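File shown here: final.cif, holding mmCIF, C-alpha atoms and all ligand atoms.
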```cif
data_my_file
loop_
_atom_site.group_PDB
_atom_site.id
_atom_site.type_symbol
_atom_site.label_atom_id
_atom_site.label_comp_id
_atom_site.auth_asym_id
_atom_site.auth_seq_id
_atom_site.Cartn_x
_atom_site.Cartn_y
_atom_site.Cartn_z
ATOM 1 C CA MET H 26 -89.028 -38.121 -33.247
ATOM 2 C CA LYS H 27 -86.780 -35.279 -34.322
ATOM 3 C CA ILE H 28 -84.714 -32.395 -32.992
ATOM 4 C CA GLY H 29 -85.846 -29.026 -34.363
ATOM 5 C CA PHE H 30 -83.523 -26.088 -34.916
ATOM 6 C CA PHE H 31 -84.986 -22.711 -35.694
ATOM 7 C CA ASP H 32 -83.487 -19.392 -36.782
ATOM 8 C CA SER H 33 -84.543 -16.409 -38.865
ATOM 9 C CA GLY H 34 -81.971 -17.594 -41.434
ATOM 10 C CA VAL H 35 -78.690 -19.448 -41.840
ATOM 11 C CA GLY H 36 -77.230 -18.269 -38.520
ATOM 12 C CA GLY H 37 -78.782 -21.190 -36.655
ATOM 13 C CA LEU H 38 -76.684 -23.563 -38.758
ATOM 14 C CA SER H 39 -73.719 -22.551 -36.603
ATOM 15 C CA VAL H 40 -75.417 -24.130 -33.593
ATOM 16 C CA MET H 41 -76.777 -27.167 -35.416
ATOM 17 C CA HIS H 42 -73.321 -27.710 -36.961
ATOM 18 C CA LEU H 43 -72.018 -28.479 -33.471
ATOM 19 C CA ALA H 44 -75.076 -30.573 -32.542
ATOM 20 C CA LEU H 45 -74.554 -32.714 -35.657
ATOM 21 C CA ARG H 46 -71.074 -33.602 -34.410
ATOM 22 C CA ARG H 47 -72.228 -34.368 -30.885
ATOM 23 C CA LEU H 48 -75.425 -36.282 -31.759
ATOM 24 C CA PRO H 49 -74.620 -38.600 -34.671
ATOM 25 C CA ASP H 50 -77.696 -40.869 -34.223
ATOM 26 C CA GLU H 51 -80.452 -38.243 -34.294
ATOM 27 C CA GLN H 52 -82.805 -36.874 -36.917
ATOM 28 C CA PHE H 53 -82.807 -33.111 -37.369
ATOM 29 C CA ILE H 54 -85.145 -30.508 -38.815
ATOM 30 C CA PHE H 55 -83.673 -27.099 -39.618
ATOM 31 C CA TYR H 56 -86.191 -24.304 -40.114
ATOM 32 C CA ALA H 57 -84.981 -20.918 -41.386
ATOM 33 C CA ASP H 58 -87.548 -18.155 -41.755
ATOM 34 C CA GLU H 59 -86.018 -16.944 -45.019
ATOM 35 C CA GLU H 60 -89.181 -15.023 -45.938
ATOM 36 C CA HIS H 61 -88.809 -12.706 -42.934
ATOM 37 C CA VAL H 62 -85.077 -12.553 -42.203
ATOM 38 C CA PRO H 63 -83.652 -10.286 -40.751
ATOM 39 C CA TYR H 64 -85.498 -10.139 -37.426
ATOM 40 C CA GLY H 65 -83.068 -7.772 -35.713
ATOM 41 C CA GLU H 66 -85.005 -4.575 -36.329
ATOM 42 C CA LYS H 67 -88.579 -5.942 -36.326
ATOM 43 C CA THR H 68 -91.132 -5.544 -33.536
ATOM 44 C CA ILE H 69 -91.566 -8.013 -30.684
ATOM 45 C CA GLU H 70 -95.096 -8.804 -31.939
ATOM 46 C CA GLN H 71 -93.901 -9.552 -35.470
ATOM 47 C CA ILE H 72 -91.082 -11.782 -34.258
ATOM 48 C CA THR H 73 -93.344 -13.636 -31.800
ATOM 49 C CA GLY H 74 -95.788 -14.371 -34.625
ATOM 50 C CA TYR H 75 -93.069 -15.745 -36.900
ATOM 51 C CA VAL H 76 -91.549 -17.884 -34.152
ATOM 52 C CA ASP H 77 -94.972 -19.228 -33.224
ATOM 53 C CA ASP H 78 -95.607 -20.334 -36.829
ATOM 54 C CA ALA H 79 -92.229 -22.065 -36.989
ATOM 55 C CA ILE H 80 -92.608 -23.888 -33.666
ATOM 56 C CA ARG H 81 -96.101 -25.138 -34.566
ATOM 57 C CA PHE H 82 -94.781 -26.337 -37.910
ATOM 58 C CA MET H 83 -91.891 -28.249 -36.358
ATOM 59 C CA ILE H 84 -94.142 -29.881 -33.774
ATOM 60 C CA GLU H 85 -96.391 -31.057 -36.621
ATOM 61 C CA LYS H 86 -93.245 -32.542 -38.199
ATOM 62 C CA GLU H 87 -92.663 -34.508 -34.976
ATOM 63 C CA ALA H 88 -90.065 -32.421 -33.191
ATOM 64 C CA LYS H 89 -89.516 -33.751 -29.663
ATOM 65 C CA VAL H 90 -87.386 -30.783 -28.596
ATOM 66 C CA ILE H 91 -86.696 -27.453 -30.293
ATOM 67 C CA VAL H 92 -83.671 -25.186 -30.143
ATOM 68 C CA ILE H 93 -84.353 -21.552 -30.935
ATOM 69 C CA ALA H 94 -80.888 -20.985 -32.385
ATOM 70 C CA CYS H 95 -81.459 -17.247 -32.515
ATOM 71 C CA ASN H 96 -80.687 -14.737 -29.788
ATOM 72 C CA THR H 97 -83.109 -12.220 -31.260
ATOM 73 C CA ALA H 98 -86.075 -14.614 -31.355
ATOM 74 C CA THR H 99 -85.263 -15.832 -27.852
ATOM 75 C CA SER H 100 -85.116 -12.301 -26.510
ATOM 76 C CA ALA H 101 -88.380 -11.314 -28.182
ATOM 77 C CA ALA H 102 -90.523 -14.397 -27.922
ATOM 78 C CA ILE H 103 -89.390 -17.250 -25.708
ATOM 79 C CA HIS H 104 -91.610 -16.389 -22.717
ATOM 80 C CA GLU H 105 -94.768 -16.369 -24.823
ATOM 81 C CA ILE H 106 -93.775 -19.422 -26.806
ATOM 82 C CA ARG H 107 -92.948 -21.545 -23.759
ATOM 83 C CA LYS H 108 -96.363 -20.716 -22.279
ATOM 84 C CA LYS H 109 -98.016 -22.147 -25.386
ATOM 85 C CA TYR H 110 -96.219 -25.428 -26.042
ATOM 86 C CA SER H 111 -95.451 -28.376 -23.814
ATOM 87 C CA ILE H 112 -92.340 -29.796 -25.526
ATOM 88 C CA PRO H 113 -88.923 -28.558 -24.295
ATOM 89 C CA ILE H 114 -87.856 -25.340 -26.050
ATOM 90 C CA ILE H 115 -84.259 -24.242 -25.590
ATOM 91 C CA GLY H 116 -83.365 -20.594 -26.204
ATOM 92 C CA MET H 117 -80.101 -18.723 -26.690
ATOM 93 C CA GLU H 118 -78.744 -15.575 -25.156
ATOM 94 C CA PRO H 119 -75.370 -13.866 -25.517
ATOM 95 C CA ALA H 120 -72.717 -15.807 -23.563
ATOM 96 C CA VAL H 121 -71.960 -12.908 -21.208
ATOM 97 C CA LYS H 122 -71.328 -15.021 -18.109
ATOM 98 C CA LYS H 123 -68.979 -17.385 -19.931
ATOM 99 C CA SER H 124 -67.115 -14.415 -21.295
ATOM 100 C CA LEU H 125 -66.774 -12.725 -17.906
ATOM 101 C CA THR H 126 -65.481 -15.961 -16.429
ATOM 102 C CA ILE H 127 -62.540 -15.958 -18.808
ATOM 103 C CA CYS H 128 -61.985 -12.208 -18.913
ATOM 104 C CA GLU H 129 -59.800 -11.590 -15.792
ATOM 105 C CA ASN H 130 -61.182 -8.113 -15.171
ATOM 106 C CA GLN H 131 -60.846 -6.940 -18.716
ATOM 107 C CA ARG H 132 -63.791 -5.649 -20.671
ATOM 108 C CA VAL H 133 -66.185 -7.760 -22.712
ATOM 109 C CA LEU H 134 -67.833 -6.541 -25.902
ATOM 110 C CA VAL H 135 -71.179 -8.069 -26.860
ATOM 111 C CA ALA H 136 -72.084 -7.815 -30.551
ATOM 112 C CA ALA H 137 -75.711 -8.579 -31.377
ATOM 113 C CA THR H 138 -78.813 -7.289 -33.156
ATOM 114 C CA PRO H 139 -80.689 -4.181 -31.940
ATOM 115 C CA VAL H 140 -83.613 -6.282 -30.635
ATOM 116 C CA THR H 141 -81.263 -8.360 -28.480
ATOM 117 C CA ILE H 142 -79.301 -5.316 -27.313
ATOM 118 C CA LYS H 143 -82.361 -3.306 -26.347
ATOM 119 C CA GLY H 144 -84.150 -6.346 -24.920
ATOM 120 C CA GLU H 145 -85.031 -6.726 -21.249
ATOM 121 C CA LYS H 146 -83.552 -10.214 -21.209
ATOM 122 C CA LEU H 147 -79.988 -9.012 -21.872
ATOM 123 C CA ARG H 148 -80.345 -6.029 -19.541
ATOM 124 C CA TYR H 149 -81.484 -8.368 -16.782
ATOM 125 C CA LEU H 150 -78.664 -10.806 -17.503
ATOM 126 C CA ILE H 151 -76.028 -8.063 -17.252
ATOM 127 C CA GLN H 152 -77.579 -6.460 -14.161
ATOM 128 C CA ASN H 153 -77.497 -9.790 -12.383
ATOM 129 C CA THR H 154 -73.857 -10.382 -13.090
ATOM 130 C CA GLU H 155 -71.336 -9.179 -10.530
ATOM 131 C CA GLN H 156 -69.014 -7.809 -13.193
ATOM 132 C CA GLY H 157 -71.751 -6.365 -15.384
ATOM 133 C CA HIS H 158 -69.953 -3.004 -15.400
ATOM 134 C CA LEU H 159 -67.296 -4.566 -17.634
ATOM 135 C CA VAL H 160 -69.771 -5.308 -20.414
ATOM 136 C CA ASP H 161 -70.251 -3.058 -23.454
ATOM 137 C CA LEU H 162 -72.686 -3.569 -26.297
ATOM 138 C CA VAL H 163 -72.564 -2.985 -30.036
ATOM 139 C CA ALA H 164 -75.344 -3.547 -32.582
ATOM 140 C CA ILE H 165 -74.289 -4.778 -36.034
ATOM 141 C CA PRO H 166 -77.569 -5.843 -37.698
ATOM 142 C CA GLU H 167 -76.104 -5.530 -41.208
ATOM 143 C CA LEU H 168 -73.993 -8.664 -40.670
ATOM 144 C CA VAL H 169 -77.157 -10.755 -40.869
ATOM 145 C CA SER H 170 -77.848 -9.661 -44.453
ATOM 146 C CA PHE H 171 -74.195 -10.162 -45.410
ATOM 147 C CA ALA H 172 -74.404 -13.746 -44.104
ATOM 148 C CA GLU H 173 -77.673 -14.384 -45.908
ATOM 149 C CA GLN H 174 -76.065 -13.256 -49.163
ATOM 150 C CA GLY H 175 -73.031 -15.448 -48.562
ATOM 151 C CA GLU H 176 -70.783 -12.375 -48.452
ATOM 152 C CA PHE H 177 -68.269 -13.292 -45.785
ATOM 153 C CA GLU H 178 -65.202 -11.383 -46.937
ATOM 154 C CA SER H 179 -65.329 -8.028 -48.708
ATOM 155 C CA GLU H 180 -64.072 -4.518 -48.364
ATOM 156 C CA GLN H 181 -67.569 -3.294 -47.602
ATOM 157 C CA LEU H 182 -67.807 -5.788 -44.753
ATOM 158 C CA ILE H 183 -64.431 -4.778 -43.318
ATOM 159 C CA ASN H 184 -65.426 -1.101 -43.540
ATOM 160 C CA LEU H 185 -68.668 -1.820 -41.708
ATOM 161 C CA LEU H 186 -66.871 -3.642 -38.883
ATOM 162 C CA ARG H 187 -64.196 -0.940 -38.638
ATOM 163 C CA ASP H 188 -66.896 1.680 -38.436
ATOM 164 C CA ARG H 189 -68.888 -0.100 -35.711
ATOM 165 C CA LEU H 190 -65.842 -0.921 -33.601
ATOM 166 C CA ARG H 191 -64.205 2.501 -33.943
ATOM 167 C CA ALA H 192 -65.766 3.805 -30.722
ATOM 168 C CA PHE H 193 -64.142 1.065 -28.600
ATOM 169 C CA LYS H 194 -60.571 0.880 -27.296
ATOM 170 C CA LEU H 195 -60.172 -2.689 -28.424
ATOM 171 C CA GLU H 196 -56.908 -3.324 -26.596
ATOM 172 C CA GLU H 197 -58.881 -3.075 -23.311
ATOM 173 C CA TYR H 198 -61.178 -5.971 -24.205
ATOM 174 C CA SER H 199 -60.555 -9.648 -23.490
ATOM 175 C CA SER H 200 -63.336 -11.105 -25.556
ATOM 176 C CA ILE H 201 -66.031 -10.427 -28.069
ATOM 177 C CA VAL H 202 -69.318 -12.208 -27.492
ATOM 178 C CA LEU H 203 -70.972 -13.289 -30.732
ATOM 179 C CA GLY H 204 -74.509 -12.562 -29.551
ATOM 180 C CA CYS H 205 -76.139 -13.389 -32.856
ATOM 181 C CA THR H 206 -75.766 -16.805 -34.443
ATOM 182 C CA HIS H 207 -75.156 -15.228 -37.854
ATOM 183 C CA PHE H 208 -71.973 -13.590 -36.538
ATOM 184 C CA ASN H 209 -70.116 -16.925 -36.306
ATOM 185 C CA TYR H 210 -69.494 -16.732 -40.051
ATOM 186 C CA PHE H 211 -67.309 -13.644 -39.698
ATOM 187 C CA LYS H 212 -64.639 -14.654 -37.193
ATOM 188 C CA ASP H 213 -61.828 -14.378 -39.754
ATOM 189 C CA THR H 214 -63.021 -10.953 -40.863
ATOM 190 C CA PHE H 215 -63.373 -9.714 -37.281
ATOM 191 C CA ARG H 216 -59.842 -11.011 -36.684
ATOM 192 C CA GLN H 217 -58.484 -8.673 -39.361
ATOM 193 C CA ILE H 218 -59.616 -5.736 -37.236
ATOM 194 C CA ILE H 219 -59.423 -6.830 -33.621
ATOM 195 C CA PRO H 220 -56.213 -7.545 -31.670
ATOM 196 C CA ASN H 221 -55.071 -11.176 -31.446
ATOM 197 C CA HIS H 222 -55.553 -11.481 -27.691
ATOM 198 C CA ILE H 223 -59.335 -10.982 -27.992
ATOM 199 C CA LYS H 224 -61.175 -14.305 -27.806
ATOM 200 C CA PHE H 225 -64.421 -15.138 -29.568
ATOM 201 C CA VAL H 226 -67.111 -16.399 -27.228
ATOM 202 C CA ASP H 227 -70.440 -17.815 -28.340
ATOM 203 C CA GLY H 228 -73.275 -19.745 -26.744
ATOM 204 C CA ASN H 229 -73.172 -22.711 -29.116
ATOM 205 C CA GLU H 230 -71.499 -25.236 -26.842
ATOM 206 C CA GLY H 231 -73.673 -24.298 -23.850
ATOM 207 C CA THR H 232 -76.788 -24.625 -25.982
ATOM 208 C CA VAL H 233 -75.825 -28.039 -27.335
ATOM 209 C CA ASN H 234 -74.994 -29.208 -23.777
ATOM 210 C CA GLN H 235 -78.432 -28.035 -22.717
ATOM 211 C CA LEU H 236 -79.977 -29.933 -25.625
ATOM 212 C CA ILE H 237 -78.177 -33.127 -24.594
ATOM 213 C CA ASN H 238 -79.352 -32.660 -20.965
ATOM 214 C CA GLU H 239 -82.897 -32.157 -22.139
ATOM 215 C CA LEU H 240 -82.741 -35.300 -24.280
ATOM 216 C CA SER H 241 -81.523 -37.366 -21.347
ATOM 217 C CA HIS H 242 -84.292 -35.870 -19.211
ATOM 218 C CA ILE H 243 -87.032 -36.956 -21.577
ATOM 219 C CA ASN H 244 -85.269 -40.213 -22.428
ATOM 220 C CA GLY H 245 -85.147 -38.917 -25.948
ATOM 221 C CA PHE H 246 -81.954 -40.357 -27.457
ATOM 222 C CA GLU H 247 -82.446 -42.414 -30.608
ATOM 223 C CA LYS H 248 -80.302 -44.792 -32.605
ATOM 224 C CA ASN H 249 -81.028 -43.777 -36.175
ATOM 225 C CA GLN H 250 -78.919 -42.819 -39.082
ATOM 226 C CA GLN H 251 -78.419 -39.064 -38.846
ATOM 227 C CA THR H 252 -80.739 -37.185 -41.205
ATOM 228 C CA ILE H 253 -81.435 -33.485 -41.753
ATOM 229 C CA GLU H 254 -84.520 -31.952 -43.371
ATOM 230 C CA TYR H 255 -84.352 -28.276 -44.279
ATOM 231 C CA TYR H 256 -87.349 -25.940 -44.410
ATOM 232 C CA PHE H 257 -87.447 -22.286 -45.427
ATOM 233 C CA SER H 258 -90.525 -20.588 -43.898
ATOM 234 C CA GLY H 259 -92.548 -23.807 -43.950
ATOM 235 C CA LYS H 260 -91.484 -25.035 -47.388
ATOM 236 C CA LYS H 261 -89.193 -28.019 -47.754
ATOM 237 C CA VAL H 262 -85.892 -27.076 -49.363
ATOM 238 C CA THR H 263 -85.405 -29.245 -52.441
ATOM 239 C CA ASP H 264 -83.865 -26.733 -54.846
ATOM 240 C CA SER H 265 -80.264 -27.734 -55.539
ATOM 241 C CA LYS H 266 -79.071 -24.103 -55.431
ATOM 242 C CA GLU H 267 -80.520 -23.612 -51.955
ATOM 243 C CA LEU H 268 -79.128 -26.947 -50.760
ATOM 244 C CA SER H 269 -75.680 -26.052 -52.021
ATOM 245 C CA ARG H 270 -75.943 -22.648 -50.327
ATOM 246 C CA ILE H 271 -76.596 -24.495 -47.052
ATOM 247 C CA ASN H 272 -73.639 -26.783 -47.730
ATOM 248 C CA GLU H 273 -71.372 -23.814 -48.403
ATOM 249 C CA CYS H 274 -72.433 -22.352 -45.048
ATOM 250 C CA LEU H 275 -71.655 -25.630 -43.252
ATOM 251 C CA LYS H 276 -68.260 -25.792 -44.979
ATOM 252 C CA ARG H 277 -67.474 -22.266 -43.857
ATOM 253 C CA LEU H 278 -68.464 -23.199 -40.310
ATOM 254 C CA ASP H 279 -65.971 -26.099 -40.433
ATOM 255 C CA GLN H 280 -63.306 -23.389 -40.791
ATOM 256 C CA MET H 281 -64.795 -20.857 -38.368
ATOM 257 C CA ILE H 282 -65.053 -23.360 -35.509
ATOM 258 C CA LYS H 283 -61.232 -23.544 -35.485
ATOM 259 C CA ILE H 284 -60.893 -19.802 -34.821
ATOM 260 C CA ILE H 285 -61.097 -19.057 -31.114
HETATM 261 N N1 LIG M 1 -79.429 -15.229 -35.934
HETATM 262 C C1 LIG M 1 -80.200 -14.318 -35.180
HETATM 263 C C2 LIG M 1 -79.663 -14.103 -33.765
HETATM 264 O O1 LIG M 1 -79.000 -14.954 -33.223
HETATM 265 C C3 LIG M 1 -80.548 -12.995 -35.739
HETATM 266 C C4 LIG M 1 -80.825 -12.614 -36.949
HETATM 267 C C5 LIG M 1 -81.757 -11.591 -37.484
HETATM 268 O O2 LIG M 1 -81.574 -10.386 -37.317
HETATM 269 O O3 LIG M 1 -82.624 -12.096 -38.139
HETATM 270 O O4 LIG M 1 -79.933 -13.107 -33.169
#
```

Please express the file's structure as structure tokens.
Ligand code: DGL
Amino acid sequence: MKIGFFDSGVGGLSVMHLALRRLPDEQFIFYADEEHVPYGEKTIEQITGYVDDAIRFMIEKEAKVIVIACNTATSAAIHEIRKKYSIPIIGMEPAVKKSLTICENQRVLVAATPVTIKGEKLRYLIQNTEQGHLVDLVAIPELVSFAEQGEFESEQLINLLRDRLRAFKLEEYSSIVLGCTHFNYFKDTFRQIIPNHIKFVDGNEGTVNQLINELSHINGFEKNQQTIEYYFSGKKVTDSKELSRINECLKRLDQMIKII
């Protein structure tokens, strides 16, 4: 039986990248919905349909547990999806609580897609946090397409980030929450614009811890050689160009994980 990771695109690799280190004896399936990425400005109904297709597909491929490594898909679809399937499905949401814990009364800036930012799930999360008044939100959906194109450093990218962050007095913030799994690829570029004291916070470690808990719950640990199968919108990835694109992403994540 396998562990499934799902995202609209290559963003979910940032979460699986950590799971691969922590779970060396497991078999993984990574499903990216490359035909429909980006999700960040689509409707809830569209996203729910895409996620449903992906989850069904991974269950047919013998997934024992699935991580929706996408804040946008979680926000839009996890309630419906959990009602439909009986295997454990782990979602992701912006790591607001973690960020507030380390922020010492300074502000926290959550960067995510418009669906996540406008979603009830995030509003509810912030409302139910004592220091919710310290949280500000910024939508940067364009970063998803930059990541999909493998454009991680460019003047256009820097200009976009400068433009989106212009409205915020960055020196007042303690941390930036990477509330979209695609945003993990841009830590070095963000760093060129934001002050050094601002920490990057993401939900990857919490999600992988949750995955490990779930596996111990269902007695689901295996002792296999680690394997990974990649699927793009239901088709197995065999093309060497696509496989090397995935490898380039994983290599970049080896660097990004060191930036905190
Ligand atoms: N990686 C996804 C997330 O965490 C979003 C991407 C998209 O807009 O497709 O929200």

**Asked** Mind listing the residues within 9 Å of ligand LIG 1 (chain M), all atoms listed in the file counted, as number ranges by chain?
**Response** H: 32-37, 58, 61-67, 93-100, 117-119, 137-141, 166-170, 203-208

Produce a table with one row for each residue of range 168-266 of chain H that has an atom at most 10 Å from any atom of range 40-44 of chain H, each row naming the nearest atom pair and its distance in Å at one decimal; use all atoms listed in the file; arrange rows by chain and rising residue number; format as JSON lines.
```
{"residue": "H:Thr206", "atom": "CA", "partner": "H:Val40", "partner_atom": "CA", "distance": 7.4}
{"residue": "H:His207", "atom": "CA", "partner": "H:Val40", "partner_atom": "CA", "distance": 9.9}
{"residue": "H:Asn209", "atom": "CA", "partner": "H:Val40", "partner_atom": "CA", "distance": 9.3}
{"residue": "H:Asp227", "atom": "CA", "partner": "H:Val40", "partner_atom": "CA", "distance": 9.6}
{"residue": "H:Gly228", "atom": "CA", "partner": "H:Val40", "partner_atom": "CA", "distance": 8.4}
{"residue": "H:Asn229", "atom": "CA", "partner": "H:Val40", "partner_atom": "CA", "distance": 5.2}
{"residue": "H:Glu230", "atom": "CA", "partner": "H:Leu43", "partner_atom": "CA", "distance": 7.4}
{"residue": "H:Gly231", "atom": "CA", "partner": "H:Val40", "partner_atom": "CA", "distance": 9.9}
{"residue": "H:Thr232", "atom": "CA", "partner": "H:Val40", "partner_atom": "CA", "distance": 7.7}
{"residue": "H:Val233", "atom": "CA", "partner": "H:Ala44", "partner_atom": "CA", "distance": 5.8}
{"residue": "H:Asn234", "atom": "CA", "partner": "H:Ala44", "partner_atom": "CA", "distance": 8.9}
{"residue": "H:Leu236", "atom": "CA", "partner": "H:Ala44", "partner_atom": "CA", "distance": 8.5}
{"residue": "H:Ile237", "atom": "CA", "partner": "H:Ala44", "partner_atom": "CA", "distance": 8.9}
```

Any chance you can output those residues with C-alpha atoms as a CSV table (one decimal), keeping the file's coordinate frame?
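Once everything was written out, this is result_29.csv:
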```
chain,number,residue,atom,x,y,z
H,206,THR,CA,-75.8,-16.8,-34.4
H,207,HIS,CA,-75.2,-15.2,-37.9
H,209,ASN,CA,-70.1,-16.9,-36.3
H,227,ASP,CA,-70.4,-17.8,-28.3
H,228,GLY,CA,-73.3,-19.7,-26.7
H,229,ASN,CA,-73.2,-22.7,-29.1
H,230,GLU,CA,-71.5,-25.2,-26.8
H,231,GLY,CA,-73.7,-24.3,-23.8
H,232,THR,CA,-76.8,-24.6,-26.0
H,233,VAL,CA,-75.8,-28.0,-27.3
H,234,ASN,CA,-75.0,-29.2,-23.8
H,236,LEU,CA,-80.0,-29.9,-25.6
H,237,ILE,CA,-78.2,-33.1,-24.6
```

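Rounded to one decimal, CA of Leu268 in chain H and CA of Ile183 in chain H lie 27.6 Å from each other.
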
**Message:** Residues near Leu182 in chain H, anyone? I mean within 10 Å using only C-alpha atoms, not counting same-chain ones fewer than 3 positions away, as JSON, numbers by chain.
**Reply:** {"H": [167, 168, 171, 176, 177, 178, 179, 185, 186, 187, 188, 211, 214, 215]}

Write the residues you've just listed into a file as a PDB file, in the frame of the given file, and include C-alpha atoms for each of them.
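Listed below is the output, selection_21.pdb:
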```pdb
ATOM      1  CA  GLU H 167     -76.104  -5.530 -41.208  1.00  0.00           C
ATOM      2  CA  LEU H 168     -73.993  -8.664 -40.670  1.00  0.00           C
ATOM      3  CA  PHE H 171     -74.195 -10.162 -45.410  1.00  0.00           C
ATOM      4  CA  GLU H 176     -70.783 -12.375 -48.452  1.00  0.00           C
ATOM      5  CA  PHE H 177     -68.269 -13.292 -45.785  1.00  0.00           C
ATOM      6  CA  GLU H 178     -65.202 -11.383 -46.937  1.00  0.00           C
ATOM      7  CA  SER H 179     -65.329  -8.028 -48.708  1.00  0.00           C
ATOM      8  CA  LEU H 185     -68.668  -1.820 -41.708  1.00  0.00           C
ATOM      9  CA  LEU H 186     -66.871  -3.642 -38.883  1.00  0.00           C
ATOM     10  CA  ARG H 187     -64.196  -0.940 -38.638  1.00  0.00           C
ATOM     11  CA  ASP H 188     -66.896   1.680 -38.436  1.00  0.00           C
ATOM     12  CA  PHE H 211     -67.309 -13.644 -39.698  1.00  0.00           C
ATOM     13  CA  THR H 214     -63.021 -10.953 -40.863  1.00  0.00           C
ATOM     14  CA  PHE H 215     -63.373  -9.714 -37.281  1.00  0.00           C
TER      15      PHE H 215
END
```

**Message:** Which residues are near Ile114 in chain H? Cut-off 12 Å, all atoms listed in the file, ignore same chain within fewer than 6 positions. Put them as a PyMOL selection string.
**Reply:** chain H and resi 28-31+76-77+80-81+83-84+88-94+99+102-108+232+235-236+239-240

Atoms to include: C-alpha atoms. Write the selected residues as an mmCIF file, in the frame of the given file.
```cif
data_model
loop_
_atom_site.group_PDB
_atom_site.id
_atom_site.type_symbol
_atom_site.label_atom_id
_atom_site.label_comp_id
_atom_site.auth_asym_id
_atom_site.auth_seq_id
_atom_site.Cartn_x
_atom_site.Cartn_y
_atom_site.Cartn_z
ATOM 1 C CA ILE H 28 -84.714 -32.395 -32.992
ATOM 2 C CA GLY H 29 -85.846 -29.026 -34.363
ATOM 3 C CA PHE H 30 -83.523 -26.088 -34.916
ATOM 4 C CA PHE H 31 -84.986 -22.711 -35.694
ATOM 5 C CA VAL H 76 -91.549 -17.884 -34.152
ATOM 6 C CA ASP H 77 -94.972 -19.228 -33.224
ATOM 7 C CA ILE H 80 -92.608 -23.888 -33.666
ATOM 8 C CA ARG H 81 -96.101 -25.138 -34.566
ATOM 9 C CA MET H 83 -91.891 -28.249 -36.358
ATOM 10 C CA ILE H 84 -94.142 -29.881 -33.774
ATOM 11 C CA ALA H 88 -90.065 -32.421 -33.191
ATOM 12 C CA LYS H 89 -89.516 -33.751 -29.663
ATOM 13 C CA VAL H 90 -87.386 -30.783 -28.596
ATOM 14 C CA ILE H 91 -86.696 -27.453 -30.293
ATOM 15 C CA VAL H 92 -83.671 -25.186 -30.143
ATOM 16 C CA ILE H 93 -84.353 -21.552 -30.935
ATOM 17 C CA ALA H 94 -80.888 -20.985 -32.385
ATOM 18 C CA THR H 99 -85.263 -15.832 -27.852
ATOM 19 C CA ALA H 102 -90.523 -14.397 -27.922
ATOM 20 C CA ILE H 103 -89.390 -17.250 -25.708
ATOM 21 C CA HIS H 104 -91.610 -16.389 -22.717
ATOM 22 C CA GLU H 105 -94.768 -16.369 -24.823
ATOM 23 C CA ILE H 106 -93.775 -19.422 -26.806
ATOM 24 C CA ARG H 107 -92.948 -21.545 -23.759
ATOM 25 C CA LYS H 108 -96.363 -20.716 -22.279
ATOM 26 C CA THR H 232 -76.788 -24.625 -25.982
ATOM 27 C CA GLN H 235 -78.432 -28.035 -22.717
ATOM 28 C CA LEU H 236 -79.977 -29.933 -25.625
ATOM 29 C CA GLU H 239 -82.897 -32.157 -22.139
ATOM 30 C CA LEU H 240 -82.741 -35.300 -24.280
#
```

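With distances taken over all atoms listed in the file, H:Ser199 is the one residue among H:Thr68, H:Gln152, H:Asn184, H:Ser199 lying closest to Lys123 in chain H.
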
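Using only C-alpha atoms, the smallest distance between any of H:Ile165, H:Leu159, H:Leu150, H:Ile219 and Cys128 in chain H comes from H:Leu159.
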
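For the choices H:Pro113, H:Gly144, H:Leu190, H:His242, the atom-to-atom distance to Ile218 in chain H is smallest for H:Leu190 when using all atoms listed in the file.
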
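Atom pair CA of Val202 in chain H / CA of Lys224 in chain H has a distance of 8.4 Å (rounded to one decimal).
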
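Nearest-residue note for Glu145 in chain H: choosing from H:Met26, H:Ala101, H:Leu275, H:Ala164, the minimum distance belongs to H:Ala101, counting only C-alpha atoms.
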
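Going from CA of Leu45 in chain H to CA of Tyr256 in chain H covers 16.9 Å.
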
**Request:** Considering only C-alpha atoms, state which residue in the set H:Ser269, H:Leu147, H:Ile54, H:Gln156 is at the smallest distance from Glu85 in chain H.
**Result:** H:Ile54

**Asked** From the list H:Ile284, H:Ala136, H:Ile142, H:Ile253, which residue is nearest Glu51 in chain H when using all atoms listed in the file?
**Response** H:Ile253

**Request:** Could you give me, as an MDAnalysis selection string, the residues within 9 Å of Glu197 in chain H, counting all atoms listed in the file and dropping anything in the same chain fewer than 2 positions from it?
**Result:** chainID H and resid 131:133 193:195 199
